[in-house]
Amino acid sequence: MRVFKFGGASVQDAEGIARVHRLVCKYGEGPLWMVVSAMGKTTNQLETLVQAVHRDQWPQAMEILGQLHEAHQARILPLPVNTTDSKRLMNVLEDWMAKLKADLEGMRAKQVPYNCLYDQIVVYGELISTALVSAYFEIQGFVHTWVDAGDLLVTDATWRDARIQWEETVSKVKAFDALHRGAAPPNSGTCVLTQGFMGQDAVSGLRTTLGREGSDFTASVLAYALDAQEVCVWKDVAGVMDADPRLFPMARILPSLTYREAVEMTYYGASVIHPRTIQPLQNKGIPLRVRSFLNPDEGGTVIGEMQDQGRFSPCVIVKKNQCLLELVSKDFSFVGEEGLAMIYKALYDQGLKANLARHTAVSFSLCVDNDPYKRLPVQDILLTNFGIQVTEGLSLWTLMHQSDKMRSGLLAGKQILFEQHLGNVDQYVVVD
Ligand code: ADP
Ligand code: ASP
Ligand code: MG
């Protein structure tokens, strides 16, 4: 049993969709689960749609809906299929667009709060993507079963950052897999195709999401539930590198990483893998392969229970769009356990992560993602006890296991607002 995950970049156009089919035919022998996320930058478009609906800007919302429709049409029209099949793909798209529109109308009438609304709408990116990939697979005669991930991944109701309810999820995934395999004709190969990034709240039955870029994590949840032998995430890069090659063209591939190295890199923001991906795999000793969909025969990076030689690879991680919050207690009381508990509770409740935090006697500084829909509620809660100063337009640079020479080269000319050094990890909040 293996789990393959194809992200937005791999299905951003017709060529990509056709390539996914070829890759699965060539490399996906045996029982396979496939996770596919939204096509290209669809999730960003859906976020602007949610914002328009939330502000009751209905004409703008309808305009974005039209753009989404066109963007998907442009992806499926060039697929190498006959006219009847092309029409079939268009019908699949139209059905899903109609469902999305009906849902938008329903939620507009109900004035659903932003974070909940977000989850109900943004998941359409993955639903439409997998519906189209599934229709294309059928046209190509590739036997598989499409399943709604909401029926498998049970979560709590932490909108936009939902937490998996492991017991229920594992039993649902196992039950579905057994049913599906039981129903499959002998030797047909058994492939299940599902969406990344989404789940369903056990109590309300509403859809939830696992945090941006969460489809890698979905693949890992499924692999955990299925006791898979491997997870393979197909990316537009050769593997995990010592820096983001989009920012550092000289970045080099890291052919193997221990779970520990990978979990640290992703924790500090190496966005090639979602940070929650590693833990379930480590718990079951399942290796993760990060592999290029452009050069599939290259080895990529294998993350697993390698002999930890205590030699970490030096790497650089840049987290953009950061914001520094500087809190000072209003009555000059110490930011002790009580203050810290209050701050971290507010962060936890709103699903906002402290990417860097430091406190002195009466002040607390933290660097967070600049997401106003999470940050502003946190600020509102803390305003009762703290004066808050906000600085936007920042990046968080994390340099791991770097020599002094490399560090000063990388930071030359940068305006650093705040820095912290812990062991071999040096972090800098830098003005963009
Ligand atoms: P997906 O298509 O699965 O959503 P992502 O776009 O989330 O894939 O991840 C791939 C991107 O991650 C690459 O294009 C690259 O720019 C970026 N990236 C950031 N850090 C690294 C790193 N250390 N190694 C490789 N790629 C990285
Ligand atoms: N489509 C979602 C996003 O862009 C999830 C994912 O791609 O992993 O965040
Ligand atoms: Mg992505």
# chains A, B, ... in the order shown; residues from 1 in each chain; ligands from 1
call {"tool": "residues_around", "arguments": {"residues": "Arg375 of chain A", "least_positions_apart": "5", "cutoff": "10 Å", "atoms": "only C-alpha atoms", "output": "PyMOL selection string"}}
result
chain A and resi 323+325+346-347+350-353+368-370+380
call {"tool": "write_last_selection", "arguments": {"atoms": "N, CA, C and O atoms", "output": "compact mmCIF listing (two decimals), in the first residue's frame"}}
result
# COMPACT_ATOMS: atom_id res chain seq x y z
N CYS A 323 4.58 39.20 10.89
CA CYS A 323 4.16 40.38 11.64
C CYS A 323 4.71 40.23 13.06
O CYS A 323 4.68 39.12 13.62
N LEU A 325 4.37 41.19 16.96
CA LEU A 325 3.47 41.75 17.97
C LEU A 325 4.29 41.96 19.24
O LEU A 325 4.90 41.00 19.73
N ALA A 346 -4.92 32.31 23.84
CA ALA A 346 -5.52 33.11 22.76
C ALA A 346 -4.98 32.63 21.40
O ALA A 346 -5.74 32.47 20.44
N LEU A 347 -3.68 32.37 21.34
CA LEU A 347 -3.08 31.90 20.08
C LEU A 347 -3.67 30.55 19.69
O LEU A 347 -4.07 30.32 18.54
N GLN A 350 -7.33 30.64 18.48
CA GLN A 350 -7.53 31.24 17.15
C GLN A 350 -6.69 30.54 16.08
O GLN A 350 -6.69 30.96 14.92
N GLY A 351 -5.96 29.50 16.46
CA GLY A 351 -5.17 28.74 15.48
C GLY A 351 -4.02 29.56 14.90
O GLY A 351 -3.67 29.41 13.73
N LEU A 352 -3.44 30.45 15.70
CA LEU A 352 -2.31 31.26 15.24
C LEU A 352 -1.04 30.78 15.94
O LEU A 352 -1.00 30.67 17.16
N LYS A 353 0.00 30.47 15.12
CA LYS A 353 1.21 29.89 15.70
C LYS A 353 2.24 30.99 16.01
O LYS A 353 2.43 31.90 15.20
N VAL A 368 4.36 36.31 14.12
CA VAL A 368 3.28 35.41 13.65
C VAL A 368 3.04 35.64 12.16
O VAL A 368 3.44 36.66 11.61
N ASP A 369 2.35 34.68 11.53
CA ASP A 369 1.93 34.88 10.14
C ASP A 369 0.98 36.07 10.11
O ASP A 369 0.11 36.18 10.98
N ASN A 370 1.12 36.91 9.11
CA ASN A 370 0.26 38.10 9.07
C ASN A 370 -1.09 37.77 8.43
O ASN A 370 -1.39 38.20 7.32
N ASP A 380 -7.58 41.30 19.89
CA ASP A 380 -8.77 41.75 20.65
C ASP A 380 -8.80 41.14 22.04
O ASP A 380 -9.08 41.82 23.02
call {"tool": "residues_around", "arguments": {"residues": "Ala61 of chain A", "least_positions_apart": "3", "cutoff": "8 Å", "atoms": "only C-alpha atoms", "output": "mmCIF file with C-alpha atoms, in the first residue's frame"}}
result
data_model
loop_
_atom_site.group_PDB
_atom_site.id
_atom_site.type_symbol
_atom_site.label_atom_id
_atom_site.label_comp_id
_atom_site.auth_asym_id
_atom_site.auth_seq_id
_atom_site.Cartn_x
_atom_site.Cartn_y
_atom_site.Cartn_z
ATOM 1 C CA LEU A 49 -14.160 34.724 -3.038
ATOM 2 C CA VAL A 50 -14.747 34.032 0.667
ATOM 3 C CA ALA A 52 -16.056 39.058 -1.011
ATOM 4 C CA VAL A 53 -18.989 36.982 0.289
ATOM 5 C CA GLN A 57 -19.777 42.154 -2.065
ATOM 6 C CA TRP A 58 -21.963 39.879 -4.149
ATOM 7 C CA ILE A 64 -14.503 35.670 -9.027
ATOM 8 C CA LEU A 65 -16.779 32.665 -9.497
#
call {"tool": "atom_distance", "arguments": {"atom1": "atom CA of Leu100 of chain A", "atom2": "atom CA of Lys5 of chain A"}}
result
24.4 Å
call {"tool": "residues_near_ligand", "arguments": {"ligand": "ligand 1", "cutoff": "9 Å", "atoms": "only C-alpha atoms and all ligand atoms", "output": "ChimeraX atom specification"}}
result
/A:5-12,36-40,213-216,233-247,251-254,265-266,269-274,315-318
call {"tool": "residues_around", "arguments": {"residues": "Thr277 of chain A", "least_positions_apart": "5", "cutoff": "12 Å", "atoms": "only C-alpha atoms", "output": "ChimeraX atom specification"}}
result
/A:5,197,210-211,213-224,231-233,259,262-267,271-272,282-283,286-290,303
call {"tool": "closest_residue", "arguments": {"among": "A:Leu324, A:Gly387, A:Leu394, A:Trp159", "to": "Tyr118 of chain A", "atoms": "only C-alpha atoms"}}
result
A:Trp159
call {"tool": "residues_around", "arguments": {"residues": "Gln67 of chain A", "least_positions_apart": "6", "cutoff": "12 Å", "atoms": "only C-alpha atoms", "output": "PyMOL selection string"}}
result
chain A and resi 42+45-46+48-49+60-61+73-74+97
call {"tool": "atom_distance", "arguments": {"atom1": "atom CA of Ile139 of chain A", "atom2": "atom CA of Tyr27 of chain A"}}
result
19.6 Å
call {"tool": "select_by_dssp", "arguments": {"residues": "segment 102-332 of chain A", "states": "alpha helix (DSSP H)", "output": "ChimeraX atom specification"}}
result
/A:102-110,114-122,124-139,166-183,215-226,259-267,278-284
call {"tool": "residues_around", "arguments": {"residues": "Leu23 of chain A", "least_positions_apart": "5", "cutoff": "9 Å", "atoms": "only C-alpha atoms", "output": "ChimeraX atom specification"}}
result
/A:18,28,293,296
call {"tool": "residues_around", "arguments": {"residues": "segment 396-404 of chain A", "least_positions_apart": "4", "cutoff": "7 Å", "atoms": "only C-alpha atoms", "output": "PyMOL selection string"}}
result
chain A and resi 268+312-320+322+408+424-430
call {"tool": "atom_distance", "arguments": {"atom1": "atom CA of Val143 of chain A", "atom2": "atom CA of Val302 of chain A"}}
result
28.7 Å
call {"tool": "select_by_dssp", "arguments": {"residues": "segment 101-210 of chain A", "states": "strand (DSSP E or B)", "output": "ChimeraX atom specification"}}
result
/A:145-147,154-155,164,191-195,198-201,207-209
call {"tool": "write_last_selection", "arguments": {"atoms": "N, CA and C atoms", "output": "compact mmCIF listing (two decimals), in the first residue's frame"}}
result
# COMPACT_ATOMS: atom_id res chain seq x y z
N THR A 145 -11.47 4.64 -7.55
CA THR A 145 -12.69 5.06 -6.87
C THR A 145 -12.46 6.44 -6.27
N TRP A 146 -13.38 7.36 -6.55
CA TRP A 146 -13.31 8.72 -5.99
C TRP A 146 -14.05 8.72 -4.66
N VAL A 147 -13.45 9.30 -3.64
CA VAL A 147 -14.16 9.39 -2.37
C VAL A 147 -14.02 10.80 -1.79
N VAL A 154 -12.13 12.68 10.13
CA VAL A 154 -12.97 13.28 11.16
C VAL A 154 -12.12 14.28 11.95
N THR A 155 -12.65 15.48 12.16
CA THR A 155 -11.86 16.51 12.85
C THR A 155 -12.70 17.19 13.93
N ILE A 164 -7.24 16.48 13.72
CA ILE A 164 -7.76 15.14 13.38
C ILE A 164 -8.22 14.41 14.64
N CYS A 191 -7.04 1.61 -6.78
CA CYS A 191 -6.65 2.99 -6.53
C CYS A 191 -7.84 3.77 -5.98
N VAL A 192 -7.60 4.46 -4.88
CA VAL A 192 -8.62 5.36 -4.32
C VAL A 192 -8.11 6.78 -4.52
N LEU A 193 -8.99 7.63 -5.03
CA LEU A 193 -8.61 9.03 -5.28
C LEU A 193 -9.41 9.93 -4.35
N THR A 194 -8.71 10.78 -3.60
CA THR A 194 -9.43 11.68 -2.70
C THR A 194 -8.76 13.05 -2.61
N GLN A 195 -9.41 13.95 -1.89
CA GLN A 195 -8.92 15.33 -1.79
C GLN A 195 -7.96 15.47 -0.61
N MET A 198 -8.84 18.61 3.48
CA MET A 198 -10.17 18.82 4.06
C MET A 198 -10.63 17.65 4.92
N GLY A 199 -11.50 17.97 5.87
CA GLY A 199 -12.10 16.97 6.72
C GLY A 199 -13.52 17.39 7.04
N GLN A 200 -14.06 16.79 8.09
CA GLN A 200 -15.43 17.13 8.47
C GLN A 200 -15.55 17.12 9.99
N ASP A 201 -16.18 18.15 10.52
CA ASP A 201 -16.37 18.24 11.97
C ASP A 201 -17.36 17.17 12.43
N ARG A 207 -17.87 21.05 6.88
CA ARG A 207 -16.52 20.80 6.37
C ARG A 207 -15.50 21.61 7.15
N THR A 208 -14.28 21.05 7.22
CA THR A 208 -13.18 21.75 7.90
C THR A 208 -11.94 21.68 7.00
N THR A 209 -10.95 22.54 7.26
CA THR A 209 -9.68 22.42 6.54
C THR A 209 -8.53 22.31 7.55
call {"tool": "closest_residue", "arguments": {"among": "A:Val122, A:Leu383, A:Val173, A:Leu89", "to": "Asp103 of chain A", "atoms": "only C-alpha atoms"}}
result
A:Val122
call {"tool": "residues_around", "arguments": {"residues": "Pro113 of chain A", "least_positions_apart": "6", "cutoff": "12 Å", "atoms": "only C-alpha atoms", "output": "list in words"}}
result
Val50, Gln51, Val53, His54, Arg55, Met107, Asp119, Gln120, Trp159 and Tyr373 of chain A
call {"tool": "write_last_selection", "arguments": {"atoms": "C-alpha atoms", "output": "PDB file, in the first residue's frame"}}
result
ATOM      1  CA  VAL A  50     -14.747  34.032   0.667  1.00  0.00           C
ATOM      2  CA  GLN A  51     -13.640  37.562   1.547  1.00  0.00           C
ATOM      3  CA  VAL A  53     -18.989  36.982   0.289  1.00  0.00           C
ATOM      4  CA  HIS A  54     -18.109  37.793   3.869  1.00  0.00           C
ATOM      5  CA  ARG A  55     -18.129  41.535   3.072  1.00  0.00           C
ATOM      6  CA  MET A 107     -24.274  30.863   3.405  1.00  0.00           C
ATOM      7  CA  ASP A 119     -13.800  26.051   5.247  1.00  0.00           C
ATOM      8  CA  GLN A 120     -17.175  25.477   3.570  1.00  0.00           C
ATOM      9  CA  TRP A 159     -11.933  26.175  11.442  1.00  0.00           C
ATOM     10  CA  TYR A 373      -8.532  36.877  10.274  1.00  0.00           C
TER      11      TYR A 373
END
